[in-house]
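A short worksheet on the structure shown next.
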Amino acid sequence: MKRISFAILLVFSLAAQALAGDIYFNKHPVLWENPDILIWTPDGKSPIDPKELCLSLKRTNTGIGEPKCRIFGEWERDSIALHYAKWLQKNIDPKLNDEYLHIRHPALMAKVQQIEDNIVLYLADNGNKVSVAIFDETSTNPKVAGSVLKTNDKIALGDEIAQTFFSGKTKRRLSKEERKKLLDEPDEFYQEVPKFRAWAGVSIGYSQAHIPLTPDDWTESHTKSKVRNYRITKDSVSLWNFIEDDDPLLSVHVGGIWYGFIGLELIYRFAKHKVKTDERDTVYEELDHWNFYQHEVGLNAMFARSYTIKKWLDIDLFAFLGFQYSFYVEDIALKDDVKKPSKAYNVRIRFEEAYKGGLIGGGAQFVFFKHYGIALRTGISSRGRDMYVDPTPDAAAAPSVIGGSTIDWFASVGLEYHWSL
């Protein structure tokens, strides 16, 4: 008994596979609720019955509502349309995409643009199969092409066409006013750029003195130096001779772009740097810790280009050029058992109140659903002081002022919120 049941199921499975439709390409035309299905055939006789096709559509797709199906006599009586229909019957093939089946005659192209929210269903008898194509007003190429196995059972044929080509989600048909507004609107990928787009975000990143793809010896002397006796180092031209250069950073930024091209961005960056004390120097035995907190405020001019990849994704590529002010706040403390610091501690190196410098770099913003962004940035940052200072008689006894020219490379990734005006 089980073998008989299995044999019956196998027969039905093979029959279903034999009747299954084949889709050559699908450009996803809109499937309207309560559609008008216009059946167009070059043979003068439709392989399906319009009433049975409507019943098949209702059985297959409950969201389609009440479809109306009829023979598209207007095109079947048109000599230009009939000529193209005959050509399509001979040339529709699984190996060809929609561009090869393009309608070229201007008169028929104009007729396609007048379809509005109707659906033209092309059916052609091709031996043991029925070739199928679907046209709508949005393209002079077929939006869908495929075939189903030919059968004299018009109910089964209608069911197969409905299941293969009309099983998607449906949309409400538009009123005349809505259609006019839609036709007046530009394509979603070429809509008018907002006059002003703004964002605010927070980023985490990393900076280092060595700039990628440059020789190591450009920065090696700075990064490997050590501070002796609280103030002595090989060179004082760069801050990186005194403090660690490779540290994580946190940044907050607020900006805006005008007309998708030029903009400004205000940034704040924070990092913590340890002083590179020489462990062999016994004077540091009194020291508990010695750090500098880096605070930077800057303003960038931005030059951008926007690309709409999907309805839900915009990519904005940008380059920036700006200036910044850097402030270093010292955090130093002696060990608890040290009552009086050494003389070297009291005359240790000092940073200036502020350093000024420039920023140059680029990045990308990936904006999802017009509001939620992920931003990538990379660039080169500089900071320095005026090197031309008149010496004073007590210059040797005064704390050293350092950092004539300091450069680093940075990269960051952040989360942003965008809005447009």
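Ordered as shown in the structure tokens, chains take letters A, B, and onward, while each chain numbers its residues from 1 and ligands are numbered from 1 in the order shown.
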Q.
DSSP on the backbone: which residues in range 117-270 of chain A end up as strand (DSSP E)? Give the answer as an MDAnalysis selection string.
A. chainID A and resid 119:126 129:135 144:149 170:171 196:208 247:258 262:270
Q. What lies within 7 Å of range 400-414 of chain A using only C-alpha atoms, ignoring chain neighbours under 6 positions off, as a PyMOL selection string?
A. chain A and resi 201-211+231+236-239+349-352+374-387
With N, CA, C and O atoms retained, export the selected residues as a compact mmCIF listing (two decimals), in the first residue's frame.
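Okay, this is what ended up in out09.txt:
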# COMPACT_ATOMS: atom_id res chain seq x y z
N GLY A 201 27.48 63.17 14.69
CA GLY A 201 27.92 61.81 14.93
C GLY A 201 29.06 61.72 15.92
O GLY A 201 29.62 62.73 16.37
N VAL A 202 29.40 60.50 16.26
CA VAL A 202 30.50 60.20 17.15
C VAL A 202 31.33 59.09 16.51
O VAL A 202 30.78 58.18 15.88
N SER A 203 32.66 59.17 16.65
CA SER A 203 33.55 58.21 16.01
C SER A 203 34.62 57.73 16.98
O SER A 203 34.99 58.43 17.92
N ILE A 204 35.09 56.54 16.72
CA ILE A 204 36.28 56.03 17.40
C ILE A 204 37.33 55.77 16.34
O ILE A 204 37.00 55.43 15.20
N GLY A 205 38.59 55.94 16.70
CA GLY A 205 39.63 55.78 15.69
C GLY A 205 40.98 55.53 16.30
O GLY A 205 41.12 55.20 17.49
N TYR A 206 41.99 55.75 15.49
CA TYR A 206 43.37 55.46 15.87
C TYR A 206 44.27 56.44 15.12
O TYR A 206 44.00 56.81 13.97
N SER A 207 45.33 56.87 15.81
CA SER A 207 46.28 57.76 15.16
C SER A 207 47.70 57.29 15.45
O SER A 207 47.95 56.66 16.48
N GLN A 208 48.60 57.62 14.55
CA GLN A 208 50.01 57.27 14.74
C GLN A 208 50.87 58.24 13.95
O GLN A 208 50.43 58.86 12.99
N ALA A 209 52.12 58.35 14.39
CA ALA A 209 53.03 59.29 13.73
C ALA A 209 53.41 58.81 12.34
O ALA A 209 53.57 59.62 11.42
N HIS A 210 53.57 57.49 12.19
CA HIS A 210 54.01 56.98 10.88
C HIS A 210 52.85 57.01 9.89
O HIS A 210 51.77 56.48 10.16
N ILE A 211 53.06 57.64 8.76
CA ILE A 211 52.05 57.72 7.71
C ILE A 211 52.20 56.51 6.81
O ILE A 211 53.32 56.22 6.34
N ARG A 231 63.00 66.14 30.87
CA ARG A 231 62.97 67.17 29.84
C ARG A 231 63.95 66.96 28.69
O ARG A 231 63.92 67.67 27.70
N SER A 236 63.42 68.22 19.99
CA SER A 236 62.15 68.72 20.52
C SER A 236 61.23 69.23 19.43
O SER A 236 60.24 69.90 19.71
N VAL A 237 61.55 68.91 18.16
CA VAL A 237 60.76 69.45 17.06
C VAL A 237 59.35 68.89 17.02
O VAL A 237 58.42 69.55 16.56
N SER A 238 59.17 67.65 17.50
CA SER A 238 57.84 67.02 17.44
C SER A 238 57.39 66.60 18.84
O SER A 238 58.21 66.17 19.67
N LEU A 239 56.10 66.72 19.08
CA LEU A 239 55.54 66.24 20.35
C LEU A 239 55.75 64.75 20.53
O LEU A 239 55.78 64.25 21.65
N ILE A 349 59.58 69.45 31.23
CA ILE A 349 59.11 70.06 29.98
C ILE A 349 57.66 70.51 30.12
O ILE A 349 56.86 69.91 30.85
N ARG A 350 57.34 71.57 29.42
CA ARG A 350 55.97 72.11 29.41
C ARG A 350 55.52 72.23 27.96
O ARG A 350 56.30 72.58 27.08
N PHE A 351 54.25 71.97 27.75
CA PHE A 351 53.67 72.21 26.42
C PHE A 351 53.06 73.60 26.40
O PHE A 351 52.67 74.15 27.43
N GLU A 352 52.97 74.15 25.20
CA GLU A 352 52.32 75.45 25.06
C GLU A 352 50.83 75.32 25.34
O GLU A 352 50.25 74.23 25.32
N ILE A 374 26.85 55.50 8.57
CA ILE A 374 28.14 54.99 9.01
C ILE A 374 29.19 55.77 8.24
O ILE A 374 29.13 55.85 7.01
N ALA A 375 30.15 56.37 8.97
CA ALA A 375 31.13 57.24 8.33
C ALA A 375 32.53 56.69 8.51
O ALA A 375 32.90 56.23 9.60
N LEU A 376 33.30 56.73 7.45
CA LEU A 376 34.71 56.36 7.46
C LEU A 376 35.53 57.59 7.11
O LEU A 376 35.22 58.29 6.14
N ARG A 377 36.58 57.86 7.89
CA ARG A 377 37.45 59.01 7.64
C ARG A 377 38.90 58.61 7.80
O ARG A 377 39.24 57.79 8.66
N THR A 378 39.74 59.22 7.02
CA THR A 378 41.18 59.06 7.17
C THR A 378 41.85 60.32 6.67
O THR A 378 41.32 61.02 5.80
N GLY A 379 43.02 60.60 7.24
CA GLY A 379 43.70 61.81 6.81
C GLY A 379 44.98 62.05 7.59
O GLY A 379 45.43 61.21 8.38
N ILE A 380 45.56 63.21 7.36
CA ILE A 380 46.80 63.63 8.01
C ILE A 380 46.51 64.88 8.81
O ILE A 380 45.86 65.81 8.33
N SER A 381 47.02 64.89 10.04
CA SER A 381 46.78 66.00 10.96
C SER A 381 48.13 66.59 11.36
O SER A 381 49.10 65.85 11.57
N SER A 382 48.20 67.91 11.45
CA SER A 382 49.44 68.57 11.87
C SER A 382 49.15 69.54 12.99
O SER A 382 48.02 70.02 13.15
N ARG A 383 50.20 69.85 13.76
CA ARG A 383 50.10 70.87 14.79
C ARG A 383 51.51 71.41 15.05
O ARG A 383 52.49 70.67 14.92
N GLY A 384 51.62 72.68 15.39
CA GLY A 384 52.94 73.26 15.60
C GLY A 384 52.85 74.59 16.31
O GLY A 384 51.77 75.05 16.69
N ARG A 385 54.00 75.22 16.50
CA ARG A 385 54.08 76.53 17.17
C ARG A 385 55.01 77.42 16.39
O ARG A 385 55.72 76.97 15.47
N ASP A 386 55.04 78.68 16.75
CA ASP A 386 55.94 79.64 16.11
C ASP A 386 57.38 79.34 16.54
O ASP A 386 57.72 79.38 17.71
N MET A 387 58.22 79.01 15.57
CA MET A 387 59.60 78.63 15.88
C MET A 387 60.50 79.84 16.12
O MET A 387 61.60 79.72 16.66
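Atom to atom, CA of Ala81 in chain A and CA of Asn152 in chain A stand 26.7 Å apart.
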I'd like a table as CSV: residues in range 64-156 of chain A with an atom no more than 10 Å from range 43-47 of chain A, each row giving the shortest atom pair and its distance in Å to one decimal, only C-alpha atoms counted, sorted by chain and rising residue number.
residue,atom,partner,partner_atom,distance
A:Ile71,CA,A:Ser46,CA,7.8
A:Gly73,CA,A:Gly44,CA,9.4
A:Glu76,CA,A:Gly44,CA,7.4
A:Arg77,CA,A:Gly44,CA,9.4
A:Leu82,CA,A:Asp43,CA,9.3
A:Ala85,CA,A:Asp43,CA,9.1
A:Lys86,CA,A:Asp43,CA,8.4
A:Gln89,CA,A:Asp43,CA,9.6
A:Tyr122,CA,A:Ser46,CA,9.7
A:Leu123,CA,A:Ser46,CA,7.3
A:Ala124,CA,A:Asp43,CA,6.9
A:Asp125,CA,A:Pro47,CA,7.2
A:Val130,CA,A:Pro47,CA,7.9
A:Lys150,CA,A:Pro47,CA,8.5
A:Thr151,CA,A:Pro47,CA,8.8
A:Asn152,CA,A:Pro47,CA,8.3
A:Asp153,CA,A:Pro47,CA,9.7
A:Lys154,CA,A:Pro47,CA,7.4
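Near range 318-326 of chain A, within a cut-off of 8 Å and counting only C-alpha atoms, sit the residues Gln294, His295, Glu296, Val297, Gly298, Leu299, Asn300, Ala301, Met302, Phe303, Ala304, Arg305, Ala354, Tyr355, Lys356, Gly357, Gly358, Leu359, Ile360, Gly361, Gly362, Gly363, Ala364 and Arg383 of chain A, with same-chain residues fewer than 6 positions away left out.
Excluding Ser147 in chain A and any residue on its chain fewer than 5 positions from it, the residues at most 6 Å away by only C-alpha atoms are Gly21, Asp22, Val130, Ser131 and Val132 of chain A.
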Q.
Can you tell me which residues surround range 25-30 of chain A at a distance of at most 7 Å, considering only C-alpha atoms, apart from same-chain residues fewer than 4 positions away, and format the answer as a ChimeraX atom specification?
A. /A:97,143-145
Q.
Give me, as a ChimeraX atom specification, the residues of range 59-289 of chain A that a backbone DSSP run labels alpha helix (DSSP H).
A. /A:59-60,73-76,79-91,106-113,154-165,176-184,220-223
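Coordinates place CA of Ser167 in chain A at a distance of 6.6 Å from CA of Thr60 in chain A.
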